[in-house]
Structures are given as C-alpha cells and as structure tokens.
Amino acid sequence: MLINGQPGTQISASDRGLAYGDGLYRTLEARHGTPLLWHWQWQRLAADCAALRLPCPDEVLLLSEIATVAANLERAVIKIVLTRGAGQRGYAMPAACTPTRIVSASAWGGYPPDRAADGIVARWCDTRLAIQPRLAGIKHLNRLENVLARSEWHDPAIAEGLMLDMDGTVVEGTMSNLFLVQGGELLTPLLDRCGVSGAMRACVIDTAVNLGLTVRELRLSPPQVLAAEEVFLCNSLAGIWPLRELGSQQWQPGALTRRLQQLL
C-alpha cells in the first residue's frame, strides 16, 4: 500500500475522508501491473474529482503507483482512494488542501465462473437510494446505503440486489450497474439523481454504440425490468453477469449479452 507515494498503512485521524466521507475511490483489476479498462477508469476518476472540487492526481503518477503495488501479483485488485486530506473540525472545505492518495493492491480472489456462464439470481432491496443530483454518478466514499442494502440477505445463492430510489425508480445493483435489452435496444438507468456511474458501464455503452446499437439512458420501473428480453449487471471486477432469476421472473442469457461478454 502506498499513501501519498510512500509505503504505509496509517492516515491522520483528522482526515476528512474518515470524518466526513469527503473523497472518492475506484476499484479495478490489474494484470501484471497494468490496469484494465483504464481509459474509462481514468475518465470517471477525473470527472468525480471535478464534481467534488478535489484536486485530481497526475495520471502518469497513478499508473506508476499501480504498477508498484501490483508488482508481485499476476492478477490484482487495485483500490484508489482520494480524500481532501487532514483538516480542522467542521464541514467547510479548507481554502487549500493537501489531498490524501491511497493506492493498494490485493490478490485477485475472483468470482465463481458460473455467474458469467449461467447467470445469477438477484433480489429487490428494501433499502432505497436517496435522490441527490449533486452526487449522482460519483463513486464517493459515502456508501452506507449500499452497505445496508447488501446486509439484507445472507443466502449465497443470491449474488446481487437491485436498488430503487425514493421514487421507486430502478437505479443499480448494490455493487453493479444494470442493463436491459428490449426491442434490439440497450437500456440502462439514467443516473442523474443518484447511483454510481461505473467504468464498466461506460465501457459497455461505448462498445454497444460502436456496434451500431441504440443505447438509451432513462428512468426504468421494476415492471420494465421484469418485461425485458435480456437483463445483465456489470462492474469492473465481475465483468458482465446475465440475470437469470429475479423474484418469479426467469431469463436465459441472451444473444446480445453473450456478444458483449465476448467483446469485453
């Protein structure tokens, strides 16, 4: 683990990331020290920094630090955490800040391969996402809604839970983004009020557009999800998981889902 470029495991107790969740993070896969989906990961990180008015680290520096922490791992999970750094008590942003940058690596644990091959079982979560457009899309450090939603079940047969916002609109999975296939179009929730805009989501959208597919971001209801021809979830570590079962509704992995899996 590197903290501001130096090996370490400790940060200040007054760090605003710890005190207020004042920061953001990205989680990604690296192979032989090279991060996957970096184009989209960097795009999202830079956009999130701008949205939070957080100084963005140098891209070359980050790539160097990723290579350093993953040097002894053939396949690694990389986590980048950026906070506004240490500060005095109070919510007000300091006029000048010295950000804290944490880059760590852990050995790849992976997921059961049958999730990608056969699809997964998911459930509806009771915990709902608050509507806050100022934070929509950002992978900020305040993820308690997702933590609470994931705590709702302990059945290992259920791989993911789908979350709604306070208006009952479908937003995302607890750790993934959602896509539907309907009438030859690719549909995904509009993330202008809440939710996380993941790097894999951006990659899927760009890939689909390059294939000549129509991609629409819109507000989706639970009945629309249940009526879809194909449904899949994705994130940067899991890749694409077809949805096999949600409540009483069942699907088989569809042709477009399989095509995107092969390409990505």
# chains A, B, ... in the order shown; residues from 1 in each chain; ligands from 1
$ closest_atom_pairs --of "range 163-183 of chain A" --to "range 219-226 of chain A" --cutoff "8 Å" --atoms "only C-alpha atoms" --output "JSON lines"
{"residue": "A:Gly168", "atom": "CA", "partner": "A:Ser221", "partner_atom": "CA", "distance": 7.1}
{"residue": "A:Thr169", "atom": "CA", "partner": "A:Ser221", "partner_atom": "CA", "distance": 5.2}
{"residue": "A:Val170", "atom": "CA", "partner": "A:Leu220", "partner_atom": "CA", "distance": 5.5}
{"residue": "A:Val171", "atom": "CA", "partner": "A:Leu220", "partner_atom": "CA", "distance": 7.8}
{"residue": "A:Leu180", "atom": "CA", "partner": "A:Val225", "partner_atom": "CA", "distance": 6.9}
$ residues_around --residues "Leu233 in chain A" --least-positions-apart "2" --cutoff "12 Å" --atoms "only C-alpha atoms" --output "JSON, numbers by chain"
{"A": [115, 116, 119, 120, 121, 122, 159, 160, 161, 162, 171, 172, 173, 174, 175, 176, 177, 178, 179, 180, 181, 187, 188, 189, 198, 200, 201, 204, 225, 230, 231, 235, 236, 237, 238, 239, 240, 241, 242, 243, 244, 253, 257, 260, 261]}
$ residues_around --residues "Ala107 in chain A" --least-positions-apart "4" --cutoff "8 Å" --atoms "only C-alpha atoms" --output "PyMOL selection string"
chain A and resi 73+75-77
$ closest_atom_pairs --of "range 67-156 of chain A" --to "range 36-54 of chain A" --cutoff "9 Å" --atoms "only C-alpha atoms" --output "JSON lines"
{"residue": "A:Leu82", "atom": "CA", "partner": "A:Leu54", "partner_atom": "CA", "distance": 8.4}
{"residue": "A:Thr83", "atom": "CA", "partner": "A:Leu54", "partner_atom": "CA", "distance": 7.8}
{"residue": "A:Arg84", "atom": "CA", "partner": "A:Leu54", "partner_atom": "CA", "distance": 6.5}
{"residue": "A:Cys97", "atom": "CA", "partner": "A:Leu54", "partner_atom": "CA", "distance": 8.8}
{"residue": "A:Pro99", "atom": "CA", "partner": "A:Leu54", "partner_atom": "CA", "distance": 7.8}
{"residue": "A:Arg134", "atom": "CA", "partner": "A:Ala51", "partner_atom": "CA", "distance": 8.0}
{"residue": "A:Leu135", "atom": "CA", "partner": "A:Ala51", "partner_atom": "CA", "distance": 7.9}
{"residue": "A:Gly137", "atom": "CA", "partner": "A:Asp48", "partner_atom": "CA", "distance": 8.1}
{"residue": "A:Ile138", "atom": "CA", "partner": "A:Asp48", "partner_atom": "CA", "distance": 5.4}
{"residue": "A:Lys139", "atom": "CA", "partner": "A:Asp48", "partner_atom": "CA", "distance": 7.1}
{"residue": "A:His140", "atom": "CA", "partner": "A:Asp48", "partner_atom": "CA", "distance": 7.9}
$ select_by_dssp --residues "range 46-197 of chain A" --states "helix (DSSP H, G or I)" --output "JSON, numbers by chain"
{"A": [46, 47, 48, 49, 50, 51, 59, 60, 61, 62, 63, 64, 65, 66, 67, 68, 69, 114, 115, 116, 117, 118, 133, 134, 135, 144, 145, 146, 147, 148, 149, 150]}
$ select_by_dssp --residues "range 200-232 of chain A" --states "strand (DSSP E or B)" --output "number ranges by chain"
A: 215-218, 220, 230-232
$ write_last_selection --atoms "all heavy atoms" --output "short mmCIF file (atom, residue, chain, number, x, y, z; two decimals), in the first residue's frame"
data_model
loop_
_atom_site.label_atom_id
_atom_site.label_comp_id
_atom_site.auth_asym_id
_atom_site.auth_seq_id
_atom_site.Cartn_x
_atom_site.Cartn_y
_atom_site.Cartn_z
N VAL A 215 -28.42 2.94 -27.65
CA VAL A 215 -28.33 2.87 -26.19
C VAL A 215 -29.12 4.03 -25.62
O VAL A 215 -28.91 5.19 -26.01
CB VAL A 215 -26.86 2.94 -25.72
CG1 VAL A 215 -26.79 2.85 -24.20
CG2 VAL A 215 -26.03 1.84 -26.36
N ARG A 216 -30.02 3.73 -24.71
CA ARG A 216 -30.83 4.78 -24.11
C ARG A 216 -30.70 4.73 -22.58
O ARG A 216 -30.81 3.66 -21.98
CB ARG A 216 -32.30 4.63 -24.50
CG ARG A 216 -32.57 4.91 -25.97
CD ARG A 216 -34.04 5.23 -26.19
NE ARG A 216 -34.89 4.06 -26.01
CZ ARG A 216 -36.16 4.11 -25.59
NH1 ARG A 216 -36.70 5.27 -25.27
NH2 ARG A 216 -36.87 3.00 -25.49
N GLU A 217 -30.44 5.90 -22.00
CA GLU A 217 -30.43 6.06 -20.56
C GLU A 217 -31.75 6.71 -20.16
O GLU A 217 -32.07 7.80 -20.63
CB GLU A 217 -29.25 6.94 -20.13
CG GLU A 217 -27.89 6.38 -20.52
CD GLU A 217 -26.75 7.31 -20.12
OE1 GLU A 217 -26.54 7.52 -18.91
OE2 GLU A 217 -26.09 7.83 -21.05
N LEU A 218 -32.50 6.04 -19.32
CA LEU A 218 -33.83 6.53 -18.99
C LEU A 218 -34.27 6.01 -17.63
O LEU A 218 -33.62 5.14 -17.04
CB LEU A 218 -34.84 6.13 -20.06
CG LEU A 218 -35.21 4.64 -20.22
CD1 LEU A 218 -36.43 4.52 -21.13
CD2 LEU A 218 -34.07 3.82 -20.82
N LEU A 220 -36.27 3.78 -15.34
CA LEU A 220 -36.84 2.45 -15.52
C LEU A 220 -37.62 2.05 -14.27
O LEU A 220 -37.18 2.30 -13.15
CB LEU A 220 -35.73 1.43 -15.79
CG LEU A 220 -34.96 1.59 -17.10
CD1 LEU A 220 -33.74 0.67 -17.11
CD2 LEU A 220 -35.86 1.29 -18.29
N GLU A 230 -33.67 -9.38 -22.21
CA GLU A 230 -32.43 -9.78 -21.55
C GLU A 230 -32.12 -8.76 -20.47
O GLU A 230 -32.44 -7.58 -20.61
CB GLU A 230 -31.25 -9.81 -22.54
CG GLU A 230 -31.43 -10.69 -23.75
CD GLU A 230 -30.25 -10.57 -24.73
OE1 GLU A 230 -29.10 -10.40 -24.26
OE2 GLU A 230 -30.49 -10.62 -25.95
N VAL A 231 -31.49 -9.22 -19.41
CA VAL A 231 -31.04 -8.33 -18.34
C VAL A 231 -29.65 -8.78 -17.92
O VAL A 231 -29.39 -9.98 -17.79
CB VAL A 231 -31.99 -8.38 -17.11
CG1 VAL A 231 -31.55 -7.36 -16.06
CG2 VAL A 231 -33.43 -8.15 -17.52
N PHE A 232 -28.75 -7.81 -17.74
CA PHE A 232 -27.44 -8.16 -17.19
C PHE A 232 -26.93 -7.05 -16.29
O PHE A 232 -27.37 -5.90 -16.36
CB PHE A 232 -26.42 -8.50 -18.28
CG PHE A 232 -26.03 -7.37 -19.21
CD1 PHE A 232 -25.02 -6.48 -18.87
CD2 PHE A 232 -26.64 -7.23 -20.45
CE1 PHE A 232 -24.64 -5.46 -19.73
CE2 PHE A 232 -26.28 -6.21 -21.32
CZ PHE A 232 -25.28 -5.33 -20.96
#
$ residues_around --residues "Asp167 in chain A" --least-positions-apart "6" --cutoff "10 Å" --atoms "only C-alpha atoms" --output "MDAnalysis selection string"
chainID A and resid 128:131 221
$ write_last_selection --atoms "all heavy atoms" --output "CSV table (one decimal), in the first residue's frame"
chain,number,residue,atom,x,y,z
A,128,ARG,N,-33.5,2.0,0.1
A,128,ARG,CA,-33.6,2.8,-1.2
A,128,ARG,C,-32.5,3.9,-1.2
A,128,ARG,O,-32.0,4.3,-0.1
A,128,ARG,CB,-35.0,3.5,-1.2
A,128,ARG,CG,-36.1,2.4,-1.4
A,128,ARG,CD,-37.3,3.0,-2.1
A,128,ARG,NE,-38.3,1.9,-2.4
A,128,ARG,CZ,-39.4,2.1,-3.1
A,128,ARG,NH1,-39.6,3.3,-3.6
A,128,ARG,NH2,-40.2,1.1,-3.3
A,129,LEU,N,-32.2,4.3,-2.4
A,129,LEU,CA,-31.2,5.4,-2.6
A,129,LEU,C,-31.8,6.7,-2.5
A,129,LEU,O,-32.9,7.0,-3.1
A,129,LEU,CB,-30.5,5.2,-4.0
A,129,LEU,CG,-29.7,3.9,-4.1
A,129,LEU,CD1,-29.5,3.6,-5.6
A,129,LEU,CD2,-28.4,4.1,-3.4
A,130,ALA,N,-31.2,7.6,-1.7
A,130,ALA,CA,-31.7,9.0,-1.6
A,130,ALA,C,-31.4,9.7,-2.9
A,130,ALA,O,-30.4,9.4,-3.6
A,130,ALA,CB,-30.9,9.7,-0.5
A,131,ILE,N,-32.3,10.7,-3.3
A,131,ILE,CA,-32.1,11.4,-4.5
A,131,ILE,C,-31.3,12.7,-4.2
A,131,ILE,O,-31.7,13.5,-3.4
A,131,ILE,CB,-33.5,11.8,-5.1
A,131,ILE,CG1,-34.2,10.5,-5.6
A,131,ILE,CG2,-33.3,12.8,-6.2
A,131,ILE,CD1,-35.6,10.8,-6.0
A,221,SER,N,-38.7,1.4,-14.5
A,221,SER,CA,-39.5,0.9,-13.4
A,221,SER,C,-39.3,-0.6,-13.2
A,221,SER,O,-38.8,-1.3,-14.1
A,221,SER,CB,-41.0,1.1,-13.7
A,221,SER,OG,-41.4,0.3,-14.8
$ residues_around --residues "Gly90 in chain A" --least-positions-apart "4" --cutoff "12 Å" --atoms "only C-alpha atoms" --output "PDB file with all heavy atoms, in the first residue's frame"
ATOM      1  N   SER A  14      -7.645  12.997  11.643  1.00  0.00           N
ATOM      2  CA  SER A  14      -8.429  14.167  11.232  1.00  0.00           C
ATOM      3  C   SER A  14      -8.653  14.219   9.720  1.00  0.00           C
ATOM      4  O   SER A  14      -9.117  15.233   9.202  1.00  0.00           O
ATOM      5  CB  SER A  14      -7.739  15.453  11.699  1.00  0.00           C
ATOM      6  OG  SER A  14      -6.466  15.602  11.091  1.00  0.00           O
ATOM      7  N   ASP A  15      -8.331  13.129   9.014  1.00  0.00           N
ATOM      8  CA  ASP A  15      -8.539  13.102   7.569  1.00  0.00           C
ATOM      9  C   ASP A  15     -10.027  13.247   7.259  1.00  0.00           C
ATOM     10  O   ASP A  15     -10.880  12.583   7.857  1.00  0.00           O
ATOM     11  CB  ASP A  15      -8.007  11.803   6.971  1.00  0.00           C
ATOM     12  CG  ASP A  15      -7.910  11.854   5.461  1.00  0.00           C
ATOM     13  OD1 ASP A  15      -8.950  11.695   4.785  1.00  0.00           O
ATOM     14  OD2 ASP A  15      -6.801  12.061   4.954  1.00  0.00           O
ATOM     15  N   ARG A  16     -10.360  14.119   6.327  1.00  0.00           N
ATOM     16  CA  ARG A  16     -11.756  14.392   6.011  1.00  0.00           C
ATOM     17  C   ARG A  16     -12.453  13.207   5.343  1.00  0.00           C
ATOM     18  O   ARG A  16     -13.684  13.088   5.394  1.00  0.00           O
ATOM     19  CB  ARG A  16     -11.853  15.642   5.128  1.00  0.00           C
ATOM     20  CG  ARG A  16     -11.510  16.928   5.881  1.00  0.00           C
ATOM     21  CD  ARG A  16     -11.569  18.137   4.962  1.00  0.00           C
ATOM     22  NE  ARG A  16     -12.896  18.342   4.406  1.00  0.00           N
ATOM     23  CZ  ARG A  16     -13.848  19.092   4.984  1.00  0.00           C
ATOM     24  NH1 ARG A  16     -13.632  19.670   6.156  1.00  0.00           N
ATOM     25  NH2 ARG A  16     -15.016  19.242   4.395  1.00  0.00           N
ATOM     26  N   ALA A  19     -13.544  11.450   8.503  1.00  0.00           N
ATOM     27  CA  ALA A  19     -14.502  12.216   9.301  1.00  0.00           C
ATOM     28  C   ALA A  19     -15.830  12.441   8.592  1.00  0.00           C
ATOM     29  O   ALA A  19     -16.896  12.379   9.216  1.00  0.00           O
ATOM     30  CB  ALA A  19     -13.884  13.566   9.684  1.00  0.00           C
ATOM     31  N   TYR A  20     -15.792  12.696   7.275  1.00  0.00           N
ATOM     32  CA  TYR A  20     -16.996  13.086   6.556  1.00  0.00           C
ATOM     33  C   TYR A  20     -17.256  12.292   5.278  1.00  0.00           C
ATOM     34  O   TYR A  20     -18.210  12.588   4.562  1.00  0.00           O
ATOM     35  CB  TYR A  20     -16.919  14.579   6.184  1.00  0.00           C
ATOM     36  CG  TYR A  20     -16.636  15.478   7.354  1.00  0.00           C
ATOM     37  CD1 TYR A  20     -15.476  16.257   7.389  1.00  0.00           C
ATOM     38  CD2 TYR A  20     -17.508  15.553   8.431  1.00  0.00           C
ATOM     39  CE1 TYR A  20     -15.214  17.084   8.463  1.00  0.00           C
ATOM     40  CE2 TYR A  20     -17.248  16.367   9.513  1.00  0.00           C
ATOM     41  CZ  TYR A  20     -16.091  17.135   9.529  1.00  0.00           C
ATOM     42  OH  TYR A  20     -15.834  17.938  10.606  1.00  0.00           O
ATOM     43  N   ASP A  22     -15.343  12.617   2.792  1.00  0.00           N
ATOM     44  CA  ASP A  22     -15.032  13.663   1.821  1.00  0.00           C
ATOM     45  C   ASP A  22     -13.954  13.154   0.869  1.00  0.00           C
ATOM     46  O   ASP A  22     -12.768  13.445   1.014  1.00  0.00           O
ATOM     47  CB  ASP A  22     -14.562  14.922   2.562  1.00  0.00           C
ATOM     48  CG  ASP A  22     -14.425  16.131   1.645  1.00  0.00           C
ATOM     49  OD1 ASP A  22     -14.677  15.990   0.438  1.00  0.00           O
ATOM     50  OD2 ASP A  22     -14.062  17.214   2.149  1.00  0.00           O
ATOM     51  N   ALA A  86      -6.235  15.904   5.652  1.00  0.00           N
ATOM     52  CA  ALA A  86      -6.499  16.298   7.036  1.00  0.00           C
ATOM     53  C   ALA A  86      -7.047  17.720   7.088  1.00  0.00           C
ATOM     54  O   ALA A  86      -6.691  18.576   6.272  1.00  0.00           O
ATOM     55  CB  ALA A  86      -5.225  16.192   7.863  1.00  0.00           C
ATOM     56  N   PRO A  94     -11.599  23.375   3.353  1.00  0.00           N
ATOM     57  CA  PRO A  94     -10.490  24.295   3.573  1.00  0.00           C
ATOM     58  C   PRO A  94     -10.150  25.056   2.294  1.00  0.00           C
ATOM     59  O   PRO A  94     -10.324  24.546   1.182  1.00  0.00           O
ATOM     60  CB  PRO A  94      -9.343  23.364   3.989  1.00  0.00           C
ATOM     61  CG  PRO A  94      -9.704  22.024   3.444  1.00  0.00           C
ATOM     62  CD  PRO A  94     -11.205  21.959   3.470  1.00  0.00           C
TER      63      PRO A  94
END
$ atom_distance --atom1 "CA of Arg101 in chain A" --atom2 "CA of Asn72 in chain A"
21.0 Å
